[in-house]
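Colleague: Below are the structure tokens for one structure; questions will follow.
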Amino acid sequence: MTTSFRLPDLGEGVHEAEILAIPATPGQEVKEGDIILEIETDKAAVEIPSPVTGKVTEILVKVGERVIVGSVLMTFRTEKDETPAERPGPPPAPQPQPPPAAGKQQGPVPASPSTRRLARELGIDLHKVTPSGSGGVVTKDDVLAHARAKEQPAAKPAAPEPEAAQPAEPSPMPAPLPAPAVPPGQLPDFARWGPIERLPFRSIRRATATQMATSWSQIPHVYCQDDVDITRLEAFRQRHKAELAAAGGRLTMTVFAMKAVATALKLYPNFNASLDLSAQEIIIKRYFHMGIAVDSDHGLTVPVIRDVDRKSIKELAIEVESTVGKVREGKLSREEMQGGTFTITNAGALGGHHFSAIINYPEVAILGLGQGRMQPAVVTDERGRHEIVPRLIMPIVLCFDHRVVDGADAVRFLKVVIKALEDPDELLITMI
Amino acid sequence: MAKMTMVEALNMALRQEMKRDDSVILLGQDIGPDGGVFRVTDRLFAEFGENRVVDTPLAEASIVGMSVGMAVYGLKPVCEIQFSGFIYQAFHQIENHAARMRWRTRGRLHVPMVMRAPYGAGVRALEHHSESREAYWAHTPGLKVVIPSGPRNARALLVSAIRDPDPVIFYEAKALYRSLREDVPEEEETLPIGRANIARAGDAVTIIAYGAMVRPALEAADLLAEKEKMAAEVIDLLTLSPLDEELLVASVKKTGRAVVVHEAPQSFGPGAEIVARLMEGAFYYLEAPIERVTGFDTIVPYFSREKSYLPGAERIAAAARRTFIK
Amino acid sequence: MVVGDMEMHTDLLVIGGGPGGYGAAFRAADLGLDVILVDSQWGLGGFCLHAGCIPAKALLHAAELIHDAERAKIMGIGFGPPRIDLAALRAWQQQRIDTMAEALMTLGQKRGILVLRSKARFTGSSAVRLTGAEISAVRFKHAVIATGSRARGLPGVDFTSGGRIMDAGAALALTDIPQTILVANTGYIGLELASIYAALGSEVTLLEQADRLLPTVDADLVVPLQESLTARFAEIVLGAKIEEVVEDAGGVDVRFTRSGTTEQRRADRVLLANGRIANSDDLGLDHTGVNLNSRGFIETDETRRTRDPKIFAVGDVAGGPLLAHKAIREGRIAAETIAGKISSFDVRALPVVVYTNPQLAWCGLTEREARQANIPHAVKKFPWQLSDRAQTLDETGGLTKLVIDPDSGRILGAGIVGRHAEGLIAETALAIEMGALAEDLALTLHPYPTLSETESEAAEIFLGNPMHALPESQ
């Protein structure tokens, strides 16, 4: 009998996955539970065990391909109805799928009423639960185990040996990021010097690594640092914080910075660009979608807030807050992380002061905010007298791609941002 | 605890107080064998007899006048005016005698009576059957005005009103008579007259209502929570006079915004007084002008337009939103 | 006089106080909802308690006593012919009903459910108007329709109350014991009623349109019943198609055709039925989003929610087998769903009991259904003449059968004909619901001597090691 294996529902709203590796080969005999595929979703990398014992007849996917839930990945010929005359040689052509035996496959799964109620309440299809009871009865424990597995889709970590570097194969769309250029070097055996632990390098951690390595190796980074006196802005923020909180928003420095940057980007459009080396062109984007670096349990995520220039500070405060909430709950969709033109990273909330940032490739600049701290500052009054007073000073850093823009532009760009942040009135007046 | 409608809860309050105190006596039209037009005195005639449940002629002035006399001589009359719209005949007795007796006699005589009357719209009734003229009584020194909002507080407040040494005007919203059931304990329960209740706590805006308007006020709070993620505080006055100014002011100091709701006409209505008290007590805490959502300055229309006359959840929620825009 | 329009608000309005209705109301109240139940006729209990199932079962018990007393002759015990005081029998029957109805009302009251005697008509998806109550309207967050079903009349036949032509309800009222009674077209309810009248002394003629009794039930289960009834009824006419029913002052003439020829019988009374129809026509459902199927039953999903998301329908009015236990379960499911729980009608072994003598009961997959749907199955039967307990009861005509998945040995269905089948069927229902194997049933030690052993013996036959029968291989 021929069985086709489809990409199962991986839960958590994941609808597609990328094929990472295919340990199985056509014609190979596999046992139920043998690893036949490694896939990666936006959430995690998972090893897929064979659902049957039999022979792999056809593999319908390639490494690097994106597949959606329900699509057929492989076909198997199971031993049960294996024709006596086994044909050696090349795998036979895929057979048309026979209809399932009447009443057998679709029949109700044997389980007690209380188990069925539990499955119903947990939203679990009993057909997908591995039974442990006599004669295939699904027990309550089976349902609970299935529910737990669904919650943590990460299968056991893959074999820790460094994989053979695969040539980056250009595929039509969507264009995958180039693999890191540095070949994996041979590491010493650290266990010789003390106990170690090996953790999987997967999912967001690996995506972050690829993205950072690409940016660092491709973009000549330049940093432009300054200080912003945010004493007045902070007072303004304190005044309006509660009101926005009532409306479900959170008024943070990031929100003001987004508005200030939008203004600066309109004045200096080369910062809202990407470099197309193959076409030898600079692509200027006429939209202002801003990425915000968010730290979460799942790792670094950069959700994109769209059309920042067309939204009020209040709207942004609400949208950013709800987006951050989504990130923390792991509910952000793929689309919500795409399409950014500039990124802001605020280390201040965590207490970070001076730092540098890596540009979010293929953007050309990133703005970093540090923590505002009370510091002695020299102020000059209208009659030219100097005085040292405590002011709230926030360090700020603009990192830019020197291939696209120059230092003078960066200083001008940064001045626009600083002016807007030092004076809420200026922010209001200049806001485009 | 048994679930009861407001009618059943009031009936229980009357029965228990009549059992407890022989001087409690009921007067009113059709309250005897018929049990009253809304059945509030159902079966009390059979239980207590004609000397304690007195069917009166159709004469409101005499019902109240007799009650004043009985009260002065030591009884505790609870008279029922069939509809609050029939009360005007008795105005003289209430204003000139019930309300003034304690003052006039320098405290030697007092009038421990309760005048119960169904008030308010919402049951598709006729002219004189739907009005809310509680402002008359709240404007009259010497009277207490109590307006419950549900079965349980109606019972507890009626017990307190009967035991009060002075005349209490007890207005019962017809629309609430049978519209909901609540658990009401068989054991004695009273509520102090003059105290409002926080029906729902919140910090964004204070909605002040009483009687049949408490429900739409709570529904409006639901709408605001649902659509604006805003926690409105709803205050159920329970007593209109004396007004629980302390609670109102404290709430508005907290929220900075207020909406006052009543089904009585707007001009010189209870809302005007409440707003004035808030201006005196919480002016420097206000973030926006106080809104009023009330009936209109007209007689309550017949039932095809009754719903448009009455404040509803949407109107109240809209007023609450306005306090954020101004 | 009450002035004005008194509208009441509630979380859940239940229309109809039968098993489906009180099933929903009780469960919802226990889950913390405010519940109003409206029933125009009986308050709580419905047709089932007041005019159907319960009065019938009380009389059937009486009939069984008469039958047993008579059968005692074979054991050398004689009681003589029964003396029947019809008024006393009716009073006893009514007293049973009243006791149960009172208990239901107390259970409802203690749960804080307001029961209104009134008729309800929908005016929209969130309100009904009531007639005959002090409350004139109820506004609800959810409603459950549990209005049940009623007998469908026969075109051209007058069932006027007190006439000689009766429907099941009139027959149960037991106005008199007619000399002769003709029962036609009535399925198992007719068989139950005919048994009652036969026990009370009427000469019963049974007309059946099909070529055997209970044509939808497995034939082997019906055979012992048909034999028993043949002995007690004056005549059983199979394949009879009724042409005309004419009532006159002295009796009723029933004309019918059988294999092409026309025949006629005359009886003092006639019990006729033509199936039951849903009470869905007078509810104002056109003001809601509720949808009816072509037969007038309300369409629902597995939580018994109708097309109108706020309105649910349970029991007979929602179609399916017209059984009280199904209605109760559906009521509870609707209540749980309304209270925000995840619930569903997920019954694999819906048991059915026919209270004739002998009783018939079945649950799960029948042999007939298995054959029609081409589901692989094995049927194993244990005839009661092999049961020691059946011998001591002199009830050897019975039969216990199991329908089993031949591959896995899982029990899929069961059928029993014989005394106490009503109680015996429950064990197999549990076995099916639990996904038990024939082996599980066989290994469960059954007390000896009891009729319950017939079930484990049937399972042993499947496994090839029965005790009181020989293995099939021999």
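Residue names in the structure tokens use chain letters A, B, ... in the order shown, residue numbers from 1 in each chain, and ligand numbers from 1 in the order shown.
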Return as a Markdown table the residues of chain B lying at most 10 Å from chain A, together with the closest atom-to-atom pair for each and the distance in Å to one decimal, counting only C-alpha atoms, with rows in chain order and ascending residue number.
Modeller:
```
| residue | atom | partner | partner_atom | distance |
| --- | --- | --- | --- | --- |
| B:Asp203 | CA | A:Ala246 | CA | 8.9 |
| B:Ala204 | CA | A:Ala246 | CA | 7.2 |
| B:Glu228 | CA | A:Ala247 | CA | 6.6 |
| B:Lys229 | CA | A:Ala247 | CA | 6.6 |
| B:Met230 | CA | A:Ala246 | CA | 6.3 |
| B:Ala231 | CA | A:Ala246 | CA | 8.4 |
| B:Phe324 | CA | A:Glu243 | CA | 9.6 |
```
Colleague: Write out as a list of chain:residue names each polymer residue whose atoms come within 9 Å of A:Glu321, counting only C-alpha atoms; drop sequence neighbours fewer than 5 positions from it.
Modeller: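 Near neighbours after the sequence-gap exclusion: A:Gly248, A:Gly249, A:Arg250, A:Leu251, A:Leu316, A:Lys326.
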Colleague: Output the selection as a PDB file, in the first residue's frame - N, CA and C atoms for each residue.
Modeller:
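See part.pdb below for the written result:
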```pdb
ATOM      1  N   GLY A 248      -4.304  52.336  26.358  1.00  0.00           N
ATOM      2  CA  GLY A 248      -3.672  51.055  25.999  1.00  0.00           C
ATOM      3  C   GLY A 248      -2.297  51.219  25.372  1.00  0.00           C
ATOM      4  N   GLY A 249      -1.729  52.411  25.475  1.00  0.00           N
ATOM      5  CA  GLY A 249      -0.416  52.624  24.855  1.00  0.00           C
ATOM      6  C   GLY A 249       0.669  52.788  25.914  1.00  0.00           C
ATOM      7  N   ARG A 250       1.935  52.838  25.461  1.00  0.00           N
ATOM      8  CA  ARG A 250       3.023  53.098  26.394  1.00  0.00           C
ATOM      9  C   ARG A 250       3.919  54.122  25.728  1.00  0.00           C
ATOM     10  N   LEU A 251       4.001  55.248  26.403  1.00  0.00           N
ATOM     11  CA  LEU A 251       4.755  56.350  25.821  1.00  0.00           C
ATOM     12  C   LEU A 251       6.213  56.170  26.218  1.00  0.00           C
ATOM     13  N   LEU A 316       1.140  55.603  17.582  1.00  0.00           N
ATOM     14  CA  LEU A 316       2.364  54.798  17.618  1.00  0.00           C
ATOM     15  C   LEU A 316       2.552  54.147  18.977  1.00  0.00           C
ATOM     16  N   LYS A 326       2.636  41.207  21.330  1.00  0.00           N
ATOM     17  CA  LYS A 326       2.560  40.060  20.412  1.00  0.00           C
ATOM     18  C   LYS A 326       3.898  39.324  20.358  1.00  0.00           C
TER      19      LYS A 326
END
```
Colleague: Among stretch 261-359 of chain C, which residues does DSSP mark as helix (DSSP H, G or I) when it is run on the backbone? Keep the chain and numbering as in the structure and answer as an MDAnalysis selection string.
Modeller: chainID C and resid 285:287 315:318 324:338
Colleague: I need the contact residues of chain C against chain A, so if you could list those with any atom within 10 Å, counting only C-alpha atoms, and return them as a VMD selection string, that would help.
Modeller: chain C and resid 341 to 344 346 to 348 370 373 to 376 407 to 410 430 to 437 440
Colleague: Export C-alpha atoms of the chosen residues as a PDB file, in the first residue's frame?
Modeller:
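Contents of selection.pdb, freshly written:
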```
ATOM      1  CA  LYS C 341     -17.388  25.174  28.166  1.00  0.00           C
ATOM      2  CA  ILE C 342     -16.246  23.038  25.299  1.00  0.00           C
ATOM      3  CA  SER C 343     -18.855  20.360  24.826  1.00  0.00           C
ATOM      4  CA  SER C 344     -20.219  18.236  22.028  1.00  0.00           C
ATOM      5  CA  ASP C 346     -20.319  12.608  21.244  1.00  0.00           C
ATOM      6  CA  VAL C 347     -22.323   9.445  21.906  1.00  0.00           C
ATOM      7  CA  ARG C 348     -21.239   6.170  20.327  1.00  0.00           C
ATOM      8  CA  ALA C 370     -23.133  -2.719   9.677  1.00  0.00           C
ATOM      9  CA  ALA C 373     -22.665   0.483   5.452  1.00  0.00           C
ATOM     10  CA  ASN C 374     -20.414  -2.433   4.547  1.00  0.00           C
ATOM     11  CA  ILE C 375     -18.512  -2.228   7.817  1.00  0.00           C
ATOM     12  CA  PRO C 376     -16.505  -5.362   8.574  1.00  0.00           C
ATOM     13  CA  ASP C 407      -9.827  -7.534  13.411  1.00  0.00           C
ATOM     14  CA  SER C 408      -9.473  -5.776  16.723  1.00  0.00           C
ATOM     15  CA  GLY C 409     -12.157  -7.578  18.671  1.00  0.00           C
ATOM     16  CA  ARG C 410     -13.624  -4.223  19.676  1.00  0.00           C
ATOM     17  CA  LEU C 430     -20.364   1.306  28.695  1.00  0.00           C
ATOM     18  CA  ALA C 431     -18.182  -1.250  26.895  1.00  0.00           C
ATOM     19  CA  ILE C 432     -18.705   0.485  23.552  1.00  0.00           C
ATOM     20  CA  GLU C 433     -18.122   3.952  24.966  1.00  0.00           C
ATOM     21  CA  MET C 434     -14.904   2.770  26.644  1.00  0.00           C
ATOM     22  CA  GLY C 435     -13.657   1.181  23.448  1.00  0.00           C
ATOM     23  CA  ALA C 436     -13.626  -2.205  25.199  1.00  0.00           C
ATOM     24  CA  LEU C 437     -12.648  -5.406  23.422  1.00  0.00           C
ATOM     25  CA  ASP C 440     -12.420  -7.132  28.208  1.00  0.00           C
TER      26      ASP C 440
END
```
Colleague: Please check the contacts: residues of chain B at most 10 Å away from chain C, using only C-alpha atoms, listed as a PyMOL selection string.
Modeller: chain B and resi 1-5+30+34-39+83+121-126+129-130+174-183+303
Colleague: Limited to C-alpha atoms, could you put the picked residues into a file as a CSV table (one decimal), in the first residue's frame?
Modeller:
```
chain,number,residue,atom,x,y,z
B,1,MET,CA,-30.9,32.5,49.5
B,2,ALA,CA,-33.7,32.5,47.0
B,3,LYS,CA,-33.7,34.3,43.7
B,4,MET,CA,-36.3,37.1,43.6
B,5,THR,CA,-37.6,39.8,41.5
B,30,ASP,CA,-56.0,48.0,45.6
B,34,ASP,CA,-55.8,42.4,45.0
B,35,GLY,CA,-52.2,42.7,46.2
B,36,GLY,CA,-51.6,46.0,44.5
B,37,VAL,CA,-51.4,46.7,40.8
B,38,PHE,CA,-47.8,45.4,40.7
B,39,ARG,CA,-48.4,42.7,43.3
B,83,PHE,CA,-48.2,55.5,40.2
B,121,ALA,CA,-40.6,54.8,32.0
B,122,GLY,CA,-39.7,51.7,30.1
B,123,VAL,CA,-42.8,49.6,30.4
B,124,ARG,CA,-44.9,51.1,27.6
B,125,ALA,CA,-47.5,52.6,29.9
B,126,LEU,CA,-49.9,55.5,29.6
B,129,HIS,CA,-47.5,56.3,34.4
B,130,SER,CA,-43.9,56.9,33.2
B,174,LYS,CA,-41.4,50.0,37.3
B,175,ALA,CA,-38.9,48.8,34.7
B,176,LEU,CA,-37.0,47.0,37.4
B,177,TYR,CA,-40.0,45.3,39.1
B,178,ARG,CA,-39.6,42.0,37.2
B,179,SER,CA,-36.8,42.6,34.9
B,180,LEU,CA,-34.2,40.7,36.8
B,181,ARG,CA,-33.8,38.3,39.7
B,182,GLU,CA,-31.2,38.4,42.4
B,183,ASP,CA,-30.3,36.2,45.3
B,303,PHE,CA,-44.3,53.8,23.8
```
Colleague: Can you check which residues of stretch 250-431 of chain C DSSP gives as strand (DSSP E or B) on the backbone and send them as number ranges by chain?
Modeller: C: 252-258, 261-267, 269-272, 276-278, 292, 298, 305, 311-313, 352-354, 360-364, 378-383, 399-404, 410-417
Colleague: When you look at stretch 280-291 of chain B with a cut-off of 10 Å (counting only C-alpha atoms), what residues show up, excluding the ones that are within fewer than 2 positions of it in the same chain? I need them as a PyMOL selection string.
Modeller: chain B and resi 205-207+245-246+248-261+271+274-278+293-294+316+318-326
Colleague: With C-alpha atoms retained, write the just-selected residues as a PDB file, in the first residue's frame.
Modeller:
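So the final result, stored in again18.pdb, reads:
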```
ATOM      1  CA  VAL B 205     -14.408  58.201  34.220  1.00  0.00           C
ATOM      2  CA  THR B 206     -17.147  58.256  36.873  1.00  0.00           C
ATOM      3  CA  ILE B 207     -20.678  57.442  35.706  1.00  0.00           C
ATOM      4  CA  GLU B 245     -21.357  63.824  48.249  1.00  0.00           C
ATOM      5  CA  GLU B 246     -18.259  62.389  49.868  1.00  0.00           C
ATOM      6  CA  LEU B 248     -18.991  61.211  44.523  1.00  0.00           C
ATOM      7  CA  VAL B 249     -16.252  63.748  45.082  1.00  0.00           C
ATOM      8  CA  ALA B 250     -13.697  61.087  45.987  1.00  0.00           C
ATOM      9  CA  SER B 251     -14.469  59.170  42.821  1.00  0.00           C
ATOM     10  CA  VAL B 252     -14.254  62.188  40.537  1.00  0.00           C
ATOM     11  CA  LYS B 253     -11.018  63.296  42.190  1.00  0.00           C
ATOM     12  CA  LYS B 254      -9.689  59.914  41.175  1.00  0.00           C
ATOM     13  CA  THR B 255     -11.022  59.841  37.595  1.00  0.00           C
ATOM     14  CA  GLY B 256     -11.115  63.541  36.691  1.00  0.00           C
ATOM     15  CA  ARG B 257     -14.169  62.945  34.518  1.00  0.00           C
ATOM     16  CA  ALA B 258     -17.860  62.470  35.227  1.00  0.00           C
ATOM     17  CA  VAL B 259     -21.119  61.631  33.482  1.00  0.00           C
ATOM     18  CA  VAL B 260     -24.387  62.029  35.363  1.00  0.00           C
ATOM     19  CA  VAL B 261     -27.340  59.943  34.192  1.00  0.00           C
ATOM     20  CA  GLY B 271     -28.072  66.046  37.561  1.00  0.00           C
ATOM     21  CA  ILE B 274     -24.895  66.614  41.393  1.00  0.00           C
ATOM     22  CA  VAL B 275     -22.797  68.570  38.899  1.00  0.00           C
ATOM     23  CA  ALA B 276     -22.829  71.598  41.183  1.00  0.00           C
ATOM     24  CA  ARG B 277     -21.619  69.518  44.123  1.00  0.00           C
ATOM     25  CA  LEU B 278     -18.807  68.090  41.993  1.00  0.00           C
ATOM     26  CA  VAL B 293     -27.246  62.166  29.943  1.00  0.00           C
ATOM     27  CA  THR B 294     -30.894  62.608  30.873  1.00  0.00           C
ATOM     28  CA  ILE B 316     -23.978  57.176  28.103  1.00  0.00           C
ATOM     29  CA  ALA B 318     -20.771  58.499  23.948  1.00  0.00           C
ATOM     30  CA  ALA B 319     -20.928  61.089  26.738  1.00  0.00           C
ATOM     31  CA  ALA B 320     -18.079  59.334  28.529  1.00  0.00           C
ATOM     32  CA  ARG B 321     -16.026  59.469  25.324  1.00  0.00           C
ATOM     33  CA  ARG B 322     -16.750  63.175  24.993  1.00  0.00           C
ATOM     34  CA  THR B 323     -15.085  63.783  28.344  1.00  0.00           C
ATOM     35  CA  PHE B 324     -11.876  62.580  26.697  1.00  0.00           C
ATOM     36  CA  ILE B 325     -12.151  64.737  23.617  1.00  0.00           C
ATOM     37  CA  LYS B 326     -12.970  68.105  25.166  1.00  0.00           C
TER      38      LYS B 326
END
```
Colleague: Which of these residues is nearest to B:Leu224, using only C-alpha atoms: B:Glu314, B:Glu127, B:Glu17, B:Glu273?
Modeller: B:Glu314
Colleague: Taking 6 positions as the minimum chain separation for residues in the same chain, which residues sit within 8 Å of stretch 413-419 of chain C when counting only C-alpha atoms? Answer as a PyMOL selection string.
Modeller: chain C and resi 221-222+224-225+349+357-367+395+397-404+425+428-429+432
Colleague: Skipping near chain neighbours, those fewer than 2 positions away, what residues fall within 8 Å of stretch 389-401 of chain A using only C-alpha atoms, listed as JSON, numbers by chain?
Modeller: {"A": [219, 220, 221, 222, 223, 224, 225, 226, 227, 228, 229, 230, 231, 271, 353, 354, 355, 356, 357, 358, 359, 364, 365, 366, 367, 368, 369, 370, 371, 372, 373, 374, 375, 376, 377, 378, 379, 387, 403, 404, 405, 410, 414]}
Colleague: Using only C-alpha atoms, please write the residues we just selected to a file, as a PDB file, in the first residue's frame.
Modeller:
```
ATOM      1  CA  ILE A 219      28.441  46.705   5.220  1.00  0.00           C
ATOM      2  CA  PRO A 220      31.267  49.105   6.109  1.00  0.00           C
ATOM      3  CA  HIS A 221      29.831  50.402   9.376  1.00  0.00           C
ATOM      4  CA  VAL A 222      30.520  53.918  10.685  1.00  0.00           C
ATOM      5  CA  TYR A 223      29.326  55.188  14.061  1.00  0.00           C
ATOM      6  CA  CYS A 224      28.246  58.691  14.896  1.00  0.00           C
ATOM      7  CA  GLN A 225      27.695  59.320  18.617  1.00  0.00           C
ATOM      8  CA  ASP A 226      26.169  62.191  20.522  1.00  0.00           C
ATOM      9  CA  ASP A 227      24.257  63.166  23.652  1.00  0.00           C
ATOM     10  CA  VAL A 228      20.663  64.381  23.856  1.00  0.00           C
ATOM     11  CA  ASP A 229      19.330  66.523  26.694  1.00  0.00           C
ATOM     12  CA  ILE A 230      15.917  64.944  27.189  1.00  0.00           C
ATOM     13  CA  THR A 231      14.981  66.794  30.384  1.00  0.00           C
ATOM     14  CA  PHE A 271      19.075  56.878   4.894  1.00  0.00           C
ATOM     15  CA  HIS A 353      24.346  53.517  28.188  1.00  0.00           C
ATOM     16  CA  HIS A 354      26.858  53.828  25.335  1.00  0.00           C
ATOM     17  CA  PHE A 355      26.813  51.016  22.792  1.00  0.00           C
ATOM     18  CA  SER A 356      27.101  50.367  19.109  1.00  0.00           C
ATOM     19  CA  ALA A 357      24.632  48.588  16.853  1.00  0.00           C
ATOM     20  CA  ILE A 358      24.728  46.491  13.702  1.00  0.00           C
ATOM     21  CA  ILE A 359      22.702  47.676  10.742  1.00  0.00           C
ATOM     22  CA  VAL A 364      21.471  51.372   5.511  1.00  0.00           C
ATOM     23  CA  ALA A 365      21.238  52.791   9.019  1.00  0.00           C
ATOM     24  CA  ILE A 366      20.201  52.056  12.557  1.00  0.00           C
ATOM     25  CA  LEU A 367      19.658  54.384  15.529  1.00  0.00           C
ATOM     26  CA  GLY A 368      20.568  53.306  19.035  1.00  0.00           C
ATOM     27  CA  LEU A 369      19.277  54.921  22.229  1.00  0.00           C
ATOM     28  CA  GLY A 370      20.965  54.575  25.616  1.00  0.00           C
ATOM     29  CA  GLN A 371      19.618  55.242  29.074  1.00  0.00           C
ATOM     30  CA  GLY A 372      18.991  58.847  30.020  1.00  0.00           C
ATOM     31  CA  ARG A 373      20.911  59.664  33.204  1.00  0.00           C
ATOM     32  CA  MET A 374      21.063  62.794  35.341  1.00  0.00           C
ATOM     33  CA  GLN A 375      24.398  64.453  34.612  1.00  0.00           C
ATOM     34  CA  PRO A 376      26.001  67.799  35.271  1.00  0.00           C
ATOM     35  CA  ALA A 377      25.593  69.919  32.176  1.00  0.00           C
ATOM     36  CA  VAL A 378      26.756  73.385  31.268  1.00  0.00           C
ATOM     37  CA  VAL A 379      23.889  75.579  30.170  1.00  0.00           C
ATOM     38  CA  GLU A 387      25.938  77.486  34.783  1.00  0.00           C
ATOM     39  CA  ARG A 403      28.804  53.001   0.880  1.00  0.00           C
ATOM     40  CA  VAL A 404      25.458  54.824   0.638  1.00  0.00           C
ATOM     41  CA  VAL A 405      25.854  57.880   2.828  1.00  0.00           C
ATOM     42  CA  ALA A 410      25.001  61.418   9.181  1.00  0.00           C
ATOM     43  CA  LEU A 414      21.537  63.071  13.758  1.00  0.00           C
TER      44      LEU A 414
END
```
Colleague: What does the distance from atom CA of A:Ser312 to atom CA of A:Lys266 come to in Å, to one decimal?
Modeller: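 Separating atom CA of A:Ser312 from atom CA of A:Lys266 is a distance of 16.2 Å.
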Colleague: What lies within 10 Å of C:Ala234 using only C-alpha atoms, ignoring chain neighbours under 5 positions off, as a list in words?
Modeller: Thr180, Ile181, Leu182, Ala198, Ser202, Glu203, Val204, Thr205, Leu206 and Leu229 of chain C
Colleague: Find the spatial neighbours of C:Leu60, counting only C-alpha atoms, within a cut-off of 10 Å - ignore same-chain residues fewer than 6 positions away - and output them as a list in words.
Modeller: Ile54, Ile66, Glu192, Leu193, Ser195, Ile196, Tyr197, Ala199, Tyr355, Thr356 and Asn357 of chain C
Colleague: Distance atom CA of B:Met213-atom CA of B:Thr41, one decimal place?
Modeller: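 Distance reported for this atom pair: 24.8 Å.
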